Amino acid sequence: FQQYLQGNKEALSPQEKQGAILFFSKAECYKCHNGPALANMEFHALGMNKLSGPGVYLTNFVNQTANLGRGGYTGNDEDMYKFKVPQLYNLINSKFYGHGATFHSVEEVIKYKNLAIPENPEVPITNLAGDFHPLNLTSKEIEAIAAFIEYGLYDRNLNRYVPENIPSGFCFPN
């Protein structure tokens with residue numbers, strides 16, 4: 001994408017170009033994913049599931065704090081269930097997506113945001129982001145956006161931080 005922005009019109013495939021157009025228009029991704037890293041440093045509640053399930057071990061305190069998002073740390077009601085907007089470069093290298101690590105592909109996240117039906121019943125409707133609403137994207141449009149994010153935003157010279165190990169021994173979700 002950076003090469004495309006610098007004038008190399010062949011740097012993106014036709015599907016990735018279509019995905020970029022949708023990203024910055026109909027899909028409204030740009031509303032939260034903007035700036036140099038495509039992450040605006042804000043926090044939003046999207047009603048995604050919390051950290052839970054097989055293999056997840058956290059103490060009660062950490063579990064409750066982590067599942068409440070920013071609100072678990074600030075204690076402010078308006079911050080409850082809000083999570084930081086992640087940057088989107090090199091997501092293809094990740095095995096888990098969403099703050100609860102309950103999604104396993106970029107396309108799954110886009111489908112979730114397209115439907116805008118909260119998974120976590122504990123998140124009050126009043127805390128959900130105002131931009132979390134149905135997008136009415138087609139399956140082809142979802143595929144194009146996923147292609148743009150996975151391949152158009154891939155930079156082989158950028159390495160995400162991945163710790164060598166975690167004290168619990170479990171996965172590092174996001």
# chains A, B, ... in the order shown; residues from 1 in each chain; ligands from 1
>>> residues_around(residues="Phe43 (chain A)", least_positions_apart="3", cutoff="8 Å", atoms="only C-alpha atoms", output="PyMOL selection string")
chain A and resi 70+79+82-85
>>> closest_atom_pairs(of="region 75-173 of chain A", to="region 2-23 of chain A", cutoff="8 Å", atoms="only C-alpha atoms", output="CSV")
residue,atom,partner,partner_atom,distance
A:Glu141,CA,A:Gly19,CA,6.9
A:Ile142,CA,A:Gly19,CA,7.9
A:Glu143,CA,A:Gly19,CA,7.8
A:Ala144,CA,A:Gly19,CA,4.3
A:Ile145,CA,A:Gly19,CA,3.8
A:Ala146,CA,A:Gly19,CA,7.1
A:Ala147,CA,A:Glu16,CA,5.4
A:Phe148,CA,A:Glu16,CA,4.2
A:Ile149,CA,A:Gly19,CA,7.9
A:Tyr151,CA,A:Glu16,CA,7.4
A:Gly152,CA,A:Glu16,CA,6.0
>>> atom_distance(atom1="CA of Ile125 (chain A)", atom2="CA of Tyr30 (chain A)")
22.6 Å
>>> closest_residue(among="A:Pro121, A:Phe24, A:Leu128, A:Tyr81", to="Thr65 (chain A)", atoms="only C-alpha atoms")
A:Tyr81
>>> residues_around(residues="Phe103 (chain A)", least_positions_apart="4", cutoff="12 Å", atoms="only C-alpha atoms", output="list in words")
Met48, Asn49, Lys50, Leu51, Ser94, Lys95, Phe96, Tyr97, Gly98, His99, Glu107, Glu108, Val109, Ile110, Lys111, Tyr112, Lys113, Glu119, Pro173 and Asn174 of chain A
>>> select_by_dssp(residues="region 4-91 of chain A", states="strand (DSSP E)", output="PyMOL selection string")
chain A and resi 43-44+83-84
>>> closest_residue(among="A:Ala27, A:Glu164, A:Phe1, A:Glu78", to="Asp131 (chain A)", atoms="only C-alpha atoms")
A:Ala27
>>> closest_atom_pairs(of="region 71-143 of chain A", to="region 34-39 of chain A", cutoff="7 Å", atoms="only C-alpha atoms", output="Markdown table")
| residue | atom | partner | partner_atom | distance |
| --- | --- | --- | --- | --- |
| A:Val85 | CA | A:Ala39 | CA | 5.5 |
| A:Pro86 | CA | A:Ala39 | CA | 5.5 |
| A:Gln87 | CA | A:Ala39 | CA | 4.6 |
| A:Leu88 | CA | A:Leu38 | CA | 6.1 |
>>> select_by_dssp(residues="region 47-120 of chain A", states="helix (DSSP H, G or I)", output="ChimeraX atom specification")
/A:60-67,70-74,77-79,91-93,106-115
>>> closest_residue(among="A:Leu135, A:Val123, A:Ala129, A:Ala66", to="Ala101 (chain A)", atoms="only C-alpha atoms")
A:Ala66
>>> atom_distance(atom1="CA of Gly71 (chain A)", atom2="CA of Leu91 (chain A)")
25.8 Å
>>> atom_distance(atom1="CA of His133 (chain A)", atom2="CA of Asn114 (chain A)")
7.5 Å
>>> closest_residue(among="A:Pro134, A:Ser25, A:Gly72, A:Met80", to="His44 (chain A)", atoms="only C-alpha atoms")
A:Met80
>>> closest_residue(among="A:His33, A:Asn90, A:Asp77, A:Glu42", to="Leu158 (chain A)", atoms="only C-alpha atoms")
A:Asn90
